[in-house]
Amino acid sequence: MNRIGIISLGRYLPAKKVTNKDLEKIVETTDEWIMTRTGIKERRISANDEKTSDLAILAAKDALKNSSIKAEDIEAIFVATVTPDSNFPSVACLVQKAIGAKKAFAYDISAACSGFLFALTTAKQFIATGMVKNALVIAADRFTTIIDWKDRNTCVLFGDGAGAAVLGKVAQGGILSDYLISDGEGAPLMGVIPDKVRTPFDQALDTAKLPYVVMNGQELFKNAVPGMAEAVGIAAQKAGLSLDEIKCVVPHQANDRIIASVAKRAGIDKERFFINIDKYGNISAASVIVALYEAVEQGRIKKGDNVALVVFGAGLVAAANIIEWSY
């Protein structure tokens with residue numbers, strides 16, 4: 001029986017690099033302070049004229065270039081983002097137009113840093129039911145546009161970028177299991193909330209202060225570690241595998257200390273985790289797909305390997321997928 005798997009991967013990362021030394025010039029911090037607490041050395045920042053849709057389109061084109069499927073044959077497009085160009089139209093519709101995927105329906109998914117796996121699982125279900133034969137799944141964010149660059153607790157953490165995957169039926173392997181969970185009780189721990197809400201008849205010229213990310217880092221850490229460790233364990237169990245049978249774990253790249261703690265709690269050697277947070281920081285939903293791209297590119301993942309993808313994000317939301325790599 002054919003299974004559903006990832007056929008190809010793509011990514012796009014803005015050219016501009018901002019190092020910890022650069023941040024020392026604009027906020028009270030040091031390279032040592034950032035490295036010790038996060039493991040991040042630098043991050044990518046999108047250009048002023050680059051929109052989230054631009055990042056998504058370039059990642060999509062890269063994934064299609066690496067695939068045997070043409071844009072005009074794509075039947076569904078899902079974009080995971082929390083920084084869309086505008087409230088509407090969706091980034092997914094802008095991608096659909098730009099790549100010429102005229103057959104595809106398209107919409108955005110909002111699940112913060114867990115967005116790519118929520119979108120991946122959604123796409124898999126559409127293919128499994130027979131509604132579509134394939135799908136393009138993208139994660140793209142310009143997270144640096146919602147950061148207060150005077151707040152050293154948040155501005156050092158995030159970067160911009162996008163990743164994409166083409167999904168379809170595969171002869172062997174594929175996505176073996178999915179696990180998604182949400183806990184709205186933890187919603188206040190991280191969010192972007194405006195100071196003022198516009199009312200229907202409020203036409204005053206003064207505007208509300210631009211909202212920025214606000215987060216309780218310590219409490220998020222306490223939730224992220226058990227959340228991710230539990231998610232990968234449940235996903236492996238659903239796939240009928242032991243954690244020892246997982247060749248590579250690709251986690252959300254939020255913080256190196258979180259990854260180390262997840263590895264310890266799950267009982268998995270940290271050497272089996274793929275980590276690239278030092279180069280990009282936390283690029284929200286795109287973190288896990290960009291890391292997966294590089295793990296495959298560097299030969300850390302090969303055909304037949306069992307791979308775990310595991311993420312955690314604001315909401316609170318967590319997810320994990322176990323994949324037997326198909327190429």
# chains A, B, ... in the order shown; residues from 1 in each chain; ligands from 1
$ residues_around --residues "segment 11-25 of chain A" --least-positions-apart "6" --cutoff "6 Å" --atoms "only C-alpha atoms" --output "list in words"
Asp31, Lys41, Glu42, Arg43, Arg44, Ile45, Ser46, Leu58, Ala59, Gly161, Ala162, Gly163 and Ala164 of chain A
$ select_by_dssp --residues "segment 16-181 of chain A" --states "strand (DSSP E or B)" --output "number ranges by chain"
A: 16-19, 42-45, 76-80, 105-109, 135-142, 158, 160-170, 174-181
$ residues_around --residues "Ile268 of chain A" --least-positions-apart "3" --cutoff "10 Å" --atoms "only C-alpha atoms" --output "list in words"
Ala229, Leu243, Asp244, Ile246, Cys248, Val249, Ala260, Val262, Ala263, Lys264, Arg265, Glu271, Arg272 and Phe273 of chain A
$ write_last_selection --atoms "C-alpha atoms" --output "CSV table (one decimal), in the first residue's frame"
chain,number,residue,atom,x,y,z
A,229,ALA,CA,9.5,14.9,25.5
A,243,LEU,CA,12.9,5.7,21.0
A,244,ASP,CA,16.0,3.7,20.4
A,246,ILE,CA,14.8,6.8,16.0
A,248,CYS,CA,17.5,11.4,14.2
A,249,VAL,CA,15.4,13.8,16.2
A,260,ALA,CA,19.3,19.4,26.0
A,262,VAL,CA,14.2,17.4,26.3
A,263,ALA,CA,16.9,14.9,25.3
A,264,LYS,CA,17.6,14.2,28.9
A,265,ARG,CA,13.9,13.8,29.9
A,271,GLU,CA,24.0,13.6,19.7
A,272,ARG,CA,20.9,12.2,17.9
A,273,PHE,CA,19.3,15.6,17.9
$ residues_around --residues "Asn255 of chain A" --least-positions-apart "5" --cutoff "12 Å" --atoms "only C-alpha atoms" --output "count of residues only"
33
$ closest_residue --among "A:Val317, A:Ile323, A:Cys113, A:Ala119" --to "Val288 of chain A" --atoms "only C-alpha atoms"
A:Cys113
